[in-house]
$ cat model.cif   # mmCIF, C-alpha atoms
data_protein
#
loop_
_atom_site.label_atom_id
_atom_site.label_comp_id
_atom_site.auth_asym_id
_atom_site.auth_seq_id
_atom_site.Cartn_x
_atom_site.Cartn_y
_atom_site.Cartn_z
CA MET A 1 -20.57 -50.26 121.20
CA ALA A 2 -19.33 -48.37 124.21
CA PHE A 3 -15.90 -48.30 125.74
CA LEU A 4 -14.32 -51.73 125.34
CA LEU A 5 -12.42 -53.81 127.87
CA VAL A 6 -10.21 -56.82 127.23
CA GLN A 7 -9.24 -59.47 129.75
CA CYS A 8 -6.15 -58.79 131.84
CA HIS A 9 -4.31 -60.13 134.89
CA VAL A 10 -3.63 -58.54 138.24
CA SER A 11 -1.04 -58.51 141.00
CA SER A 12 -1.82 -59.12 144.65
CA CYS A 13 -3.09 -56.10 146.56
CA ALA A 14 -5.29 -55.31 149.53
CA PHE A 15 -8.47 -55.65 147.46
CA ILE A 16 -7.54 -59.14 146.28
CA ALA A 17 -6.46 -60.21 149.74
CA ARG A 18 -9.88 -59.25 151.13
CA HIS A 19 -12.03 -60.59 148.32
CA SER A 20 -10.30 -63.45 146.48
CA PRO A 21 -10.90 -66.74 148.30
CA LEU A 22 -11.16 -68.34 144.86
CA ILE A 23 -7.39 -68.13 144.45
CA CYS A 24 -6.71 -71.01 146.87
CA SER A 25 -6.52 -74.44 145.22
CA SER A 26 -9.56 -75.90 146.98
CA ARG A 27 -11.78 -73.01 145.90
CA LEU A 28 -10.43 -73.19 142.36
CA GLN A 29 -11.40 -76.86 142.28
CA ASP A 30 -14.88 -75.87 143.44
CA MET A 31 -15.08 -73.34 140.62
CA ARG A 32 -14.01 -75.90 138.03
CA SER A 33 -16.78 -78.22 139.18
CA LEU A 34 -19.28 -75.36 139.04
CA PHE A 35 -18.22 -74.58 135.47
CA PHE A 36 -20.21 -77.49 134.11
CA ALA A 37 -23.40 -76.28 135.82
CA ALA A 38 -23.01 -72.86 134.21
CA ARG A 39 -22.34 -73.91 130.61
CA SER A 40 -25.98 -73.81 129.52
CA PHE A 41 -27.21 -70.32 128.73
CA SER A 42 -30.71 -71.03 130.08
CA GLY A 43 -29.64 -73.32 132.89
CA ALA A 44 -28.56 -70.54 135.27
CA SER A 45 -31.99 -68.95 135.36
CA SER A 46 -35.14 -69.92 137.19
CA PHE A 47 -37.29 -68.32 134.50
CA ALA A 48 -36.73 -70.76 131.66
CA SER A 49 -36.11 -74.48 131.21
CA ARG A 50 -36.43 -77.07 128.51
CA LYS A 51 -37.31 -80.74 128.77
CA LYS A 52 -35.28 -82.96 126.52
CA GLY A 53 -36.86 -82.81 123.10
CA GLY A 54 -39.56 -80.43 124.29
CA PRO A 55 -40.31 -76.71 123.98
CA LEU A 56 -38.85 -74.01 126.19
CA ARG A 57 -41.09 -73.35 129.19
CA ILE A 58 -41.24 -69.99 130.96
CA HIS A 59 -41.72 -70.20 134.72
CA ALA A 60 -42.20 -66.47 135.29
CA SER A 61 -43.99 -64.23 132.84
CA THR A 62 -43.03 -60.96 134.57
CA ILE A 63 -39.86 -59.57 136.13
CA GLN A 64 -38.84 -56.40 137.96
CA ALA A 65 -36.22 -54.23 136.28
CA GLY A 66 -35.50 -50.56 136.53
CA GLY A 67 -38.22 -50.11 139.13
CA ILE A 68 -40.96 -51.30 136.77
CA THR A 69 -42.72 -54.58 136.05
CA ILE A 70 -41.83 -56.04 132.67
CA SER A 71 -43.79 -58.91 131.16
CA ARG A 72 -42.50 -61.46 128.70
CA GLU A 73 -44.90 -60.02 126.14
CA ASP A 74 -43.19 -56.64 126.53
CA VAL A 75 -39.85 -58.09 125.43
CA VAL A 76 -40.40 -61.30 123.45
CA LYS A 77 -42.76 -60.60 120.53
CA GLU A 78 -43.00 -63.71 118.43
CA ASP A 79 -45.39 -62.08 115.94
CA ASP A 80 -43.13 -59.03 115.35
CA PRO A 81 -40.55 -59.61 112.60
CA THR A 82 -38.38 -56.82 114.02
CA ASN A 83 -38.06 -58.60 117.40
CA ASN A 84 -35.06 -60.88 117.94
CA VAL A 85 -35.07 -61.32 121.75
CA PRO A 86 -35.14 -65.00 122.79
CA ASP A 87 -36.59 -66.35 126.04
CA THR A 88 -33.09 -67.13 127.28
CA VAL A 89 -32.24 -63.43 127.21
CA PHE A 90 -35.56 -62.35 128.73
CA SER A 91 -34.84 -64.74 131.61
CA LYS A 92 -31.77 -62.69 132.56
CA LEU A 93 -33.64 -59.39 132.96
CA GLY A 94 -34.11 -58.36 136.56
CA LEU A 95 -31.53 -60.73 138.07
CA HIS A 96 -29.33 -57.77 139.08
CA LEU A 97 -26.08 -59.61 139.74
CA HIS A 98 -24.34 -56.26 140.17
CA ARG A 99 -26.69 -55.34 143.04
CA ARG A 100 -25.85 -58.42 145.12
CA ASP A 101 -23.30 -57.37 147.73
CA ASP A 102 -21.89 -60.89 148.18
CA HIS A 103 -21.54 -61.59 144.45
CA PRO A 104 -18.16 -60.88 142.77
CA LEU A 105 -19.77 -58.26 140.51
CA GLY A 106 -21.42 -56.53 143.46
CA ILE A 107 -18.19 -56.58 145.45
CA LEU A 108 -16.29 -55.00 142.57
CA LYS A 109 -18.97 -52.39 141.95
CA ASN A 110 -18.94 -51.42 145.63
CA GLU A 111 -15.14 -51.17 145.68
CA ILE A 112 -15.24 -48.74 142.76
CA TYR A 113 -17.99 -46.79 144.52
CA LYS A 114 -15.79 -46.57 147.62
CA TYR A 115 -12.94 -45.13 145.57
CA PHE A 116 -15.14 -42.36 144.17
CA ASP A 117 -16.73 -41.69 147.55
CA GLU A 118 -13.34 -41.32 149.22
CA LYS A 119 -11.76 -39.24 146.47
CA PHE A 120 -14.82 -37.10 145.66
CA SER A 121 -16.94 -37.15 148.80
CA GLY A 122 -20.62 -36.55 148.08
CA LYS A 123 -20.13 -35.58 144.43
CA TYR A 124 -21.02 -38.67 142.41
CA GLN A 125 -24.58 -39.84 142.00
CA LYS A 126 -24.88 -43.61 141.54
CA PHE A 127 -27.50 -45.37 139.42
CA ASP A 128 -27.64 -49.17 139.29
CA ASP A 129 -31.35 -49.90 138.77
CA LEU A 130 -32.17 -48.20 135.47
CA SER A 131 -34.34 -50.13 133.04
CA PRO A 132 -32.37 -52.05 130.40
CA ILE A 133 -35.14 -51.37 127.87
CA VAL A 134 -34.21 -48.17 126.02
CA SER A 135 -35.00 -46.42 122.77
CA VAL A 136 -32.82 -46.69 119.70
CA THR A 137 -32.36 -42.95 120.04
CA SER A 138 -30.96 -43.24 123.57
CA ASN A 139 -28.79 -46.22 122.79
CA PHE A 140 -27.30 -44.95 119.53
CA ASP A 141 -28.29 -41.49 118.32
CA ASP A 142 -27.82 -39.61 121.61
CA VAL A 143 -24.22 -40.81 121.86
CA LEU A 144 -23.45 -40.12 118.18
CA VAL A 145 -23.21 -43.70 116.95
CA PRO A 146 -23.26 -43.41 113.12
CA PRO A 147 -26.38 -44.68 111.32
CA ASP A 148 -24.34 -47.33 109.47
CA HIS A 149 -22.36 -48.54 112.49
CA VAL A 150 -22.09 -52.30 112.88
CA SER A 151 -23.49 -52.18 116.42
CA ARG A 152 -26.92 -51.18 115.08
CA ARG A 153 -27.32 -54.38 113.08
CA TYR A 154 -29.80 -57.04 114.10
CA ASN A 155 -26.92 -59.50 114.29
CA ASP A 156 -25.34 -57.43 117.05
CA THR A 157 -28.20 -55.91 119.07
CA TYR A 158 -31.39 -57.29 120.64
CA TYR A 159 -34.34 -55.36 119.19
CA ILE A 160 -37.71 -55.43 120.93
CA ASN A 161 -39.11 -53.53 117.96
CA SER A 162 -37.67 -51.17 115.38
CA ASP A 163 -37.56 -48.30 117.90
CA THR A 164 -36.63 -50.13 121.12
CA VAL A 165 -33.67 -52.28 122.18
CA LEU A 166 -32.10 -53.93 125.17
CA ARG A 167 -29.29 -51.50 125.94
CA THR A 168 -25.94 -52.49 124.49
CA HIS A 169 -24.02 -50.22 126.85
CA THR A 170 -24.61 -48.09 129.93
CA SER A 171 -23.91 -45.03 127.75
CA ALA A 172 -27.57 -45.35 126.75
CA HIS A 173 -28.43 -43.33 129.88
CA GLN A 174 -25.89 -40.57 129.35
CA ALA A 175 -28.18 -38.04 127.65
CA GLU A 176 -31.03 -38.80 130.05
CA LYS A 177 -28.90 -38.05 133.10
CA LEU A 178 -27.52 -34.87 131.56
CA ARG A 179 -31.04 -33.62 130.85
CA GLU A 180 -31.95 -34.37 134.46
CA GLY A 181 -29.16 -32.03 135.57
CA CYS A 182 -26.59 -34.60 136.71
CA THR A 183 -22.96 -33.48 136.45
CA HIS A 184 -21.12 -36.30 138.27
CA PHE A 185 -22.55 -39.80 137.93
CA LEU A 186 -21.82 -43.53 137.75
CA VAL A 187 -24.23 -45.83 135.91
CA THR A 188 -23.97 -49.59 136.44
CA GLY A 189 -26.15 -52.20 134.82
CA ASP A 190 -26.66 -55.30 132.73
CA VAL A 191 -26.10 -54.84 129.00
CA TYR A 192 -27.05 -57.08 126.09
CA ARG A 193 -25.30 -57.95 122.84
CA ARG A 194 -25.82 -60.83 120.47
CA ASP A 195 -22.66 -62.86 120.83
CA SER A 196 -21.42 -66.43 120.70
CA ILE A 197 -20.99 -68.02 124.11
CA ASP A 198 -17.58 -69.17 125.28
CA ALA A 199 -15.32 -68.73 128.31
CA THR A 200 -14.94 -64.97 127.78
CA HIS A 201 -18.11 -64.01 125.86
CA TYR A 202 -21.75 -63.99 126.92
CA PRO A 203 -24.84 -62.24 125.52
CA VAL A 204 -25.47 -60.55 128.87
CA PHE A 205 -22.79 -58.81 130.92
CA HIS A 206 -22.38 -55.76 133.15
CA GLN A 207 -20.81 -52.35 132.64
CA MET A 208 -20.09 -49.25 134.64
CA GLU A 209 -20.00 -45.81 133.06
CA GLY A 210 -18.57 -42.73 134.75
CA PHE A 211 -19.27 -39.15 133.70
CA ARG A 212 -18.14 -35.74 134.96
CA VAL A 213 -19.02 -32.25 133.71
CA PHE A 214 -16.82 -29.17 134.21
CA SER A 215 -17.82 -25.51 134.06
CA GLN A 216 -15.88 -22.84 132.19
CA ALA A 217 -14.92 -21.24 135.49
CA GLU A 218 -13.08 -24.40 136.53
CA TRP A 219 -10.74 -24.59 133.56
CA GLU A 220 -10.23 -20.82 133.38
CA ALA A 221 -9.16 -20.83 137.02
CA ALA A 222 -6.53 -23.42 136.12
CA GLY A 223 -5.31 -21.33 133.18
CA VAL A 224 -5.81 -24.03 130.55
CA ASP A 225 -8.40 -24.84 127.89
CA GLY A 226 -11.38 -27.00 128.75
CA THR A 227 -10.27 -30.12 126.89
CA SER A 228 -6.83 -30.12 128.50
CA PHE A 229 -8.37 -29.56 131.92
CA ALA A 230 -10.86 -32.43 131.55
CA LEU A 231 -8.23 -34.76 130.11
CA GLN A 232 -5.85 -34.18 132.99
CA ASP A 233 -8.58 -34.80 135.55
CA LEU A 234 -9.69 -37.93 133.70
CA LYS A 235 -6.20 -39.40 133.71
CA GLU A 236 -5.60 -38.66 137.38
CA THR A 237 -8.95 -40.14 138.36
CA LEU A 238 -8.61 -43.36 136.39
CA GLU A 239 -4.96 -43.95 137.19
CA GLY A 240 -6.01 -43.73 140.83
CA LEU A 241 -8.82 -46.21 140.23
CA ALA A 242 -6.45 -48.65 138.50
CA LYS A 243 -4.05 -48.54 141.44
CA ARG A 244 -6.93 -48.96 143.89
CA LEU A 245 -7.97 -52.20 142.17
CA PHE A 246 -4.67 -53.57 140.84
CA GLY A 247 -2.04 -52.33 143.25
CA ASP A 248 0.98 -50.18 142.47
CA VAL A 249 1.14 -50.93 138.75
CA GLU A 250 2.66 -48.85 135.98
CA THR A 251 0.10 -47.28 133.65
CA ARG A 252 0.09 -45.83 130.16
CA TRP A 253 -2.42 -44.21 127.79
CA VAL A 254 -3.08 -45.33 124.22
CA ASP A 255 -4.94 -43.27 121.62
CA THR A 256 -8.03 -44.93 120.15
CA TYR A 257 -11.42 -44.04 118.64
CA PHE A 258 -14.93 -43.88 120.09
CA PRO A 259 -17.72 -41.92 118.36
CA PHE A 260 -18.74 -40.11 121.55
CA THR A 261 -15.34 -38.87 122.80
CA ASN A 262 -12.45 -36.86 121.37
CA PRO A 263 -9.70 -37.42 122.27
CA SER A 264 -10.40 -41.09 123.06
CA LEU A 265 -8.03 -43.22 125.12
CA GLU A 266 -7.50 -46.68 126.55
CA LEU A 267 -5.84 -47.18 129.92
CA GLU A 268 -3.32 -50.01 130.11
CA ILE A 269 -1.43 -51.45 133.06
CA PHE A 270 1.92 -53.24 133.04
CA PHE A 271 1.82 -56.63 134.72
CA GLN A 272 3.74 -59.88 134.33
CA GLY A 273 5.88 -58.43 131.58
CA ASP A 274 3.07 -57.20 129.34
CA TRP A 275 0.83 -54.17 128.75
CA LEU A 276 -2.82 -54.99 129.32
CA GLU A 277 -5.90 -52.90 128.49
CA VAL A 278 -8.17 -52.04 131.43
CA LEU A 279 -10.81 -49.55 130.22
CA GLY A 280 -11.79 -47.00 127.58
CA CYS A 281 -12.48 -43.31 128.10
CA GLY A 282 -12.19 -39.83 126.65
CA VAL A 283 -13.32 -36.21 126.59
CA THR A 284 -17.00 -36.06 125.63
CA GLU A 285 -17.90 -34.77 122.18
CA PRO A 286 -19.30 -31.20 122.53
CA ALA A 287 -22.43 -32.12 120.56
CA ILE A 288 -23.58 -34.49 123.30
CA LEU A 289 -23.36 -31.72 125.87
CA GLU A 290 -24.95 -29.13 123.61
CA ASN A 291 -27.84 -31.44 122.71
CA ASN A 292 -28.65 -32.05 126.36
CA GLY A 293 -28.61 -28.61 127.95
CA ARG A 294 -24.90 -28.40 128.76
CA ALA A 295 -23.56 -26.02 126.12
CA GLY A 296 -20.42 -24.18 127.25
CA THR A 297 -19.16 -27.04 129.40
CA VAL A 298 -16.71 -29.90 128.92
CA ALA A 299 -16.90 -33.43 130.30
CA TRP A 300 -15.17 -36.76 130.42
CA ALA A 301 -16.56 -40.28 130.37
CA PHE A 302 -15.20 -43.78 130.94
CA GLY A 303 -16.60 -47.28 130.65
CA LEU A 304 -15.46 -50.63 132.00
CA GLY A 305 -16.74 -54.21 131.98
CA LEU A 306 -17.30 -55.65 135.44
CA GLU A 307 -17.01 -59.32 134.41
CA ARG A 308 -13.65 -58.88 132.76
CA LEU A 309 -12.16 -57.19 135.82
CA ALA A 310 -13.81 -59.61 138.25
CA MET A 311 -12.48 -62.60 136.30
CA VAL A 312 -8.99 -61.28 137.00
CA LEU A 313 -9.47 -60.14 140.58
CA PHE A 314 -11.23 -63.36 141.65
CA ASP A 315 -9.37 -65.73 139.32
CA ILE A 316 -12.63 -66.83 137.68
CA PRO A 317 -11.91 -69.10 134.70
CA ASP A 318 -15.20 -68.81 132.80
CA ILE A 319 -17.65 -65.91 132.35
CA ARG A 320 -20.61 -68.30 132.57
CA LEU A 321 -19.86 -68.90 136.24
CA PHE A 322 -21.22 -65.46 137.13
CA TRP A 323 -24.72 -66.88 136.60
CA SER A 324 -24.24 -69.76 139.02
CA SER A 325 -26.48 -69.84 142.11
CA ASP A 326 -24.04 -72.02 144.04
CA PRO A 327 -23.08 -70.30 147.34
CA ARG A 328 -19.43 -71.27 146.82
CA PHE A 329 -19.48 -68.68 144.08
CA THR A 330 -22.10 -66.14 145.14
CA SER A 331 -21.07 -65.68 148.80
CA GLN A 332 -17.67 -64.04 148.60
CA VAL A 333 -17.88 -61.49 151.42
#
$ encode --input "model.cif" --output "structure tokens"
Amino acid sequence: MAFLLVQCHVSSCAFIARHSPLICSSRLQDMRSLFFAARSFSGASSFASRKKGGPLRIHASTIQAGGITISREDVVKEDDPTNNVPDTVFSKLGLHLHRRDDHPLGILKNEIYKYFDEKFSGKYQKFDDLSPIVSVTSNFDDVLVPPDHVSRRYNDTYYINSDTVLRTHTSAHQAEKLREGCTHFLVTGDVYRRDSIDATHYPVFHQMEGFRVFSQAEWEAAGVDGTSFALQDLKETLEGLAKRLFGDVETRWVDTYFPFTNPSLELEIFFQGDWLEVLGCGVTEPAILENNGRAGTVAWAFGLGLERLAMVLFDIPDIRLFWSSDPRFTSQV
């Protein structure tokens, strides 16, 4: 679930010039050689390994995530028929690639943070260490995902038990933050979905969600209705973000559907003769606000995938490379 992002390409700009040493041919050759070290799902982690012909061995039975200690037994429950979390996925919890300032994901996250800090000084709260273990209610019900939606299936989501999952999107923290009184926030974190592994798909990746709440006084002062006011602010904010990351590109908006926003939109940029999707967003459904202490307000939300953008900005050929520990990849500052 959540706002979806497809892979796109990017023109040269100041951000790329500062943070894209991978573009030169020698660094690209390095990355191609690193590709083979990253192909194994379990190979990138220090938590799990397997001898040829032997069972998987866990080297660490506990990890730190979301400010708490999580044991393997908390996540991998071999005697629970409702649990479908493998050791290879448990081994990725707590690695926090997005919190490493010299990692491509950390660099991208910080660049987006800088944009919001410069445009909206002191307004946006940032959360990047929330626990990835959430309730089914938080992950699905609180953001109005229908009971029969495909994303709830065991083939799509990692269930710890029938009531608890590894979050499938950063939207899982939306209701929590609203109840805490947050009105402007960015949530970044690792998310988990059962998926086949290839160059552009991986069962663990990273998202950023943005959310902003408006009071009735704000849209009345502008002389428009709340939805129109929020939509205009959303478009201005995200067009600015796209230009910050991609340079002076042309943008356009495409209508789409998400269960938690209405209207729902995708932002596309024009580059190399084609329109390319960048992120999903929309005006928040009133029920989400009403259910979490924000009746009488309007809000917008957006979501983007950090890997997909970083693959473009750093010319990374394979999503598995993000899990490499080789300094040629992880030391990009």
$ residues_around --input "model.cif" --residues "stretch 200-206 of chain A" --least-positions-apart "3" --cutoff "7 Å" --atoms "only C-alpha atoms" --output "list in words"
Gly189, Asp190, Val191, Tyr192, Arg193, Arg194, Asp195, Ser196, Ile197, Gly305, Leu306, Glu307, Asp318 and Ile319 of chain A
$ resolve_selection --input "model.cif" --expression "the PyMOL selection byres ((chain A and resi 225-237) around 7)" --output "PyMOL selection string"
chain A and resi 219+224+238-241+283+298-300
$ closest_residue --input "model.cif" --among "A:Glu277, A:Asp142, A:Asp148, A:Asp326" --to "A:Glu290" --atoms "only C-alpha atoms"
A:Asp142
$ resolve_selection --input "model.cif" --expression "the PyMOL selection byres ((chain A and resi 112-114) around 10)" --output "list in words"
Gly106, Ile107, Leu108, Lys109, Asn110, Glu111, Tyr115, Phe116, Asp117, Glu118, Lys119, Phe120, Ser121, Tyr124, Gln125, Lys126, Leu186, Met208, Leu241, Ala242, Arg244 and Leu245 of chain A
$ atom_distance --input "model.cif" --atom1 "atom CA of A:Pro86" --atom2 "atom CA of A:Phe322"
20.0 Å
$ atom_distance --input "model.cif" --atom1 "atom CA of A:Asp79" --atom2 "atom CA of A:His96"
28.5 Å
$ atom_distance --input "model.cif" --atom1 "atom CA of A:Arg99" --atom2 "atom CA of A:Phe127"
10.6 Å
$ closest_residue --input "model.cif" --among "A:Val136, A:Ile63, A:Leu166, A:Ala301" --to "A:Thr284" --atoms "only C-alpha atoms"
A:Ala301
